[in-house]
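Enquirer: Below is one structure. I have some questions about it.
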Amino acid sequence: MKISNRALAVKPSATLAVTARAKAMRAQGVDILALSAGEPDFDTPDNIKTAAKAAIDRGESKYTPVPGTPALRDAVARKVSSLYGHDFKADDVIVSAGGKQVIFNACAAVVDPGDEVIFAAPYWVSYPDMVMFAEGTPIAIETDDSFQLTPEAVRDAITPRTKMIILNSPSNPTGVIYSREQLEGIAEVLRAHPDVVIVTDDIYEALVFDGEFCSIAHVAPDLLPRTLIAGGVSKTYAMTGWRIGYGIGPKELIGAMGRIQGSCTSGASSIAQAAATEALNGPQDAVEHMRGVFKERRDRIVDGLRAIDGIQITEPGGTFYVFPRVDAFYGGSVTNSTEFCEHLLNSTHLAAVPGGAFGADAYIRLSFACGEADIDEGLRRLADGIKALAG
């Protein structure tokens, strides 16, 4: 059987690969500590689970409309209208099987062969593959240790072939957040390029520790006719396995994404949609609790990383990731981030994700979506792994 070039070009997710290997080693009895997974360690709040059970009892196990149930689309529209200060309607919303499918559908709906899609490096691992699957060309814009795009860098990267820009704040893998002033500068550049579609990946909008969440959708309402907001319930409500994401944007784009989704997955799970509706409409106490805990963990792991000689760290303003620079330890048998992470896994049984998967080979990604004891132990194993490299 000959597999298509399109499929062969798609690389396995580095984060999922590391997690899978760690689970396999743990199943063999190895004491693996995984700081690799991008999901909250909290359980889904009880009111959400209760809503799912009630939906099962009511027999809500049939197909839903492709773009989502009316109740969930209405809940998304109300939430997003409140968050961004604009009047969105249910018809502006599509519900998909996770935020990943939202962005995948957007690329498939907008990108033609040879079109360019620009985004900051470091980037979420799936962006380049999504673009390439749509036969487009991913353009990763290098950043300094602030990890942020500047208006000048965006201006320099745009060409006549640029079809889309993807913005991600708070960012996976770096945790950095963009200020209102930075986003206003980028918006001003984009106003000079009316054919560029804007995707703002706001999946971590509830996990901001310093200041308030701000998106380009806040600062540039005039760009909304060509802006897609991508969000979901996975990170905010500890619902990664429920697989519910949503996109909000111009009707023409939402309609195209719906036609694509209708041909591949149809609607998302009916029960998961009922749970997500309760998540958005119900009490939000658990969200603030989780955010507060993640902030405490952020402070703990950043302090611990700064105590290790040779590591450089930019403090994340959101998410549950840190992205320390570790290339000071490259040399000999370890020459890149993949080999560094292999060394950690083999020598101290610590699972981390290589920064090369995110377009930044001098770094590794660690998740602090775990308890304080695991953070402390992870830091100890990291320090031990570094000492082992020194001989």
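In the structure tokens, chains take letters A, B, ... by order of appearance, with residues numbered from 1 within each chain and ligands from 1 in the order shown.
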Find the residues near Ala140 of chain A: any atom within 6 Å, counting only C-alpha atoms, skip ones fewer than 4 places away on the same chain, and give them as a list in words.
Expert: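 With the cut-off at 6 Å, the set is Ile118, Phe119, Ala120 and Ala121 of chain A.
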Enquirer: Write the selection just made, keeping C-alpha atoms, as a CSV table (one decimal), in the first residue's frame?
Expert:
chain,number,residue,atom,x,y,z
A,118,ILE,CA,2.6,32.8,9.7
A,119,PHE,CA,3.0,32.3,13.4
A,120,ALA,CA,5.5,32.8,16.1
A,121,ALA,CA,8.3,30.3,17.0
Enquirer: Name the residues in contact with segment 20-34 of chain A at a cut-off of 7 Å, using only C-alpha atoms, excluding same-chain residues fewer than 5 positions from it; report them as JSON, numbers by chain.
Expert: {"A": [349, 350, 351, 352, 378]}
Enquirer: Compile the contact shell of Glu181 of chain A as a list in words: residues with an atom at most 9 Å away, counting only C-alpha atoms, same-chain residues fewer than 4 positions apart removed.
Expert: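 Answer for this query is Gly185, Ile186 and Val219 of chain A.
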Enquirer: May I ask which of the residues A:Asp299, A:Asp374, A:Glu152, A:Asp145 is the closest one to Phe209 of chain A, counting only C-alpha atoms?
Expert: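 When distances to Phe209 of chain A are compared using only C-alpha atoms, the smallest one comes from A:Asp299.
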Enquirer: Going by DSSP on the backbone, which residues of segment 91-222 of chain A come out as strand (DSSP E or B)? List them as a PDB file with C-alpha atoms, in the first residue's frame.
Expert:
ATOM      1  CA  VAL A  93     -20.283  29.534  16.427  1.00  0.00           C
ATOM      2  CA  ILE A  94     -19.128  26.064  15.417  1.00  0.00           C
ATOM      3  CA  VAL A  95     -18.527  23.296  17.943  1.00  0.00           C
ATOM      4  CA  SER A  96     -15.881  20.693  17.100  1.00  0.00           C
ATOM      5  CA  GLU A 116       1.586  30.890   3.507  1.00  0.00           C
ATOM      6  CA  VAL A 117       0.509  30.839   7.159  1.00  0.00           C
ATOM      7  CA  ILE A 118       2.626  32.778   9.661  1.00  0.00           C
ATOM      8  CA  PHE A 119       2.970  32.281  13.403  1.00  0.00           C
ATOM      9  CA  ALA A 120       5.549  32.827  16.134  1.00  0.00           C
ATOM     10  CA  ALA A 121       8.267  30.334  16.960  1.00  0.00           C
ATOM     11  CA  THR A 137       3.505  26.633   3.633  1.00  0.00           C
ATOM     12  CA  PRO A 138       4.045  27.234   7.371  1.00  0.00           C
ATOM     13  CA  ILE A 139       6.204  30.278   8.101  1.00  0.00           C
ATOM     14  CA  ALA A 140       7.547  30.289  11.659  1.00  0.00           C
ATOM     15  CA  ILE A 141       8.774  33.738  12.687  1.00  0.00           C
ATOM     16  CA  GLU A 142      11.760  33.582  15.011  1.00  0.00           C
ATOM     17  CA  THR A 162       0.335  35.129   3.059  1.00  0.00           C
ATOM     18  CA  LYS A 163      -3.190  33.839   3.689  1.00  0.00           C
ATOM     19  CA  MET A 164      -3.368  33.518   7.472  1.00  0.00           C
ATOM     20  CA  ILE A 165      -1.706  34.504  10.724  1.00  0.00           C
ATOM     21  CA  ILE A 166      -2.138  32.441  13.904  1.00  0.00           C
ATOM     22  CA  LEU A 167      -1.773  34.219  17.238  1.00  0.00           C
ATOM     23  CA  ASN A 168      -1.609  32.280  20.515  1.00  0.00           C
ATOM     24  CA  VAL A 197      -7.244  35.782   7.807  1.00  0.00           C
ATOM     25  CA  ILE A 198      -6.561  36.038  11.549  1.00  0.00           C
ATOM     26  CA  VAL A 199      -6.852  33.020  13.842  1.00  0.00           C
ATOM     27  CA  THR A 200      -6.502  33.818  17.530  1.00  0.00           C
ATOM     28  CA  ASP A 201      -5.937  30.620  19.509  1.00  0.00           C
ATOM     29  CA  VAL A 208      -3.749  34.148  33.000  1.00  0.00           C
TER      30      VAL A 208
END
Enquirer: Would you list the contacts of Ile301 of chain A as number ranges by chain, taking every protein, DNA or RNA residue within 8 Å and counting only C-alpha atoms, but skipping same-chain residues closer than 3 positions in sequence?
Expert: A: 297-298, 304-305, 368, 375-376, 379
Enquirer: Check the DSSP output for the backbone and give back, as an MDAnalysis selection string, the residues of segment 36-259 of chain A in helix (DSSP H, G or I).
Expert: chainID A and resid 46:57 70:84 90:92 99:110 126:133 151:157 180:191 216:219 221:226 240:242 251:259
Enquirer: Rank A:Pro45, A:Gly98, A:Gly175, A:Pro70 by their smallest atom-to-atom distance to Gly317 of chain A, using only C-alpha atoms, and report the top residue only.
Expert: A:Gly175
Enquirer: Compile the contact shell of Asn336 of chain A as a VMD selection string: residues with an atom at most 12 Å away, counting only C-alpha atoms, same-chain residues fewer than 5 positions apart removed.
Expert: chain A and resid 325 to 331 341 to 343 353 to 357 359 to 364
Enquirer: Can you pull out every residue within 9 Å of segment 85-89 of chain A, counting only C-alpha atoms, but drop anything in the same chain fewer than 3 positions away, and send it as a list of chain:residue names?
Expert: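 After dropping sequence-adjacent residues, the list is A:Arg73, A:Asp74, A:Val76, A:Ala77, A:Arg78, A:Val80, A:Ser81, A:Ser82, A:Asp92, A:Val93, A:Ala217, A:His218, A:Pro221, A:Ile248, A:Gly249.
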Enquirer: Generate a file of the selected residues that holds C-alpha atoms, formatted as a PDB file, in the first residue's frame.
Expert:
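As a result, result.pdb now contains:
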ATOM      1  CA  ARG A  73     -23.755  27.334  20.534  1.00  0.00           C
ATOM      2  CA  ASP A  74     -25.913  29.812  22.443  1.00  0.00           C
ATOM      3  CA  VAL A  76     -20.612  29.846  23.662  1.00  0.00           C
ATOM      4  CA  ALA A  77     -21.990  32.996  22.043  1.00  0.00           C
ATOM      5  CA  ARG A  78     -23.002  34.433  25.425  1.00  0.00           C
ATOM      6  CA  VAL A  80     -17.598  34.949  24.203  1.00  0.00           C
ATOM      7  CA  SER A  81     -19.715  38.097  23.936  1.00  0.00           C
ATOM      8  CA  SER A  82     -19.097  38.777  27.624  1.00  0.00           C
ATOM      9  CA  ASP A  92     -21.308  32.691  14.523  1.00  0.00           C
ATOM     10  CA  VAL A  93     -20.283  29.534  16.427  1.00  0.00           C
ATOM     11  CA  ALA A 217     -10.383  40.371  19.174  1.00  0.00           C
ATOM     12  CA  HIS A 218     -10.496  42.850  22.076  1.00  0.00           C
ATOM     13  CA  PRO A 221     -13.074  44.982  16.438  1.00  0.00           C
ATOM     14  CA  ILE A 248     -16.377  31.972  16.583  1.00  0.00           C
ATOM     15  CA  GLY A 249     -16.037  33.947  13.405  1.00  0.00           C
TER      16      GLY A 249
END
Enquirer: Mind giving me the straight-line distance from atom CA of Phe320 of chain A to atom CA of Ala286 of chain A in Å, one decimal?
Expert: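 Value for the atom CA of Phe320 of chain A-atom CA of Ala286 of chain A distance: 16.1 Å.
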Enquirer: Just to confirm, what's the straight-line distance from atom CA of Ser126 of chain A to atom CA of Ile103 of chain A in Å (one decimal)?
Expert: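 Separating atom CA of Ser126 of chain A from atom CA of Ile103 of chain A is a distance of 9.4 Å.
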Enquirer: Can I get the residues of segment 259-320 of chain A within 8 Å of segment 224-238 of chain A, each with the closest pair of atoms and their distance in Å to one decimal, using only C-alpha atoms, sorted chain first then ascending number, as JSON lines?
Expert:
{"residue": "A:Ala276", "atom": "CA", "partner": "A:Val233", "partner_atom": "CA", "distance": 6.8}
{"residue": "A:Ala279", "atom": "CA", "partner": "A:Tyr237", "partner_atom": "CA", "distance": 7.0}
{"residue": "A:Ala286", "atom": "CA", "partner": "A:Tyr237", "partner_atom": "CA", "distance": 7.6}
{"residue": "A:Val287", "atom": "CA", "partner": "A:Thr236", "partner_atom": "CA", "distance": 6.3}
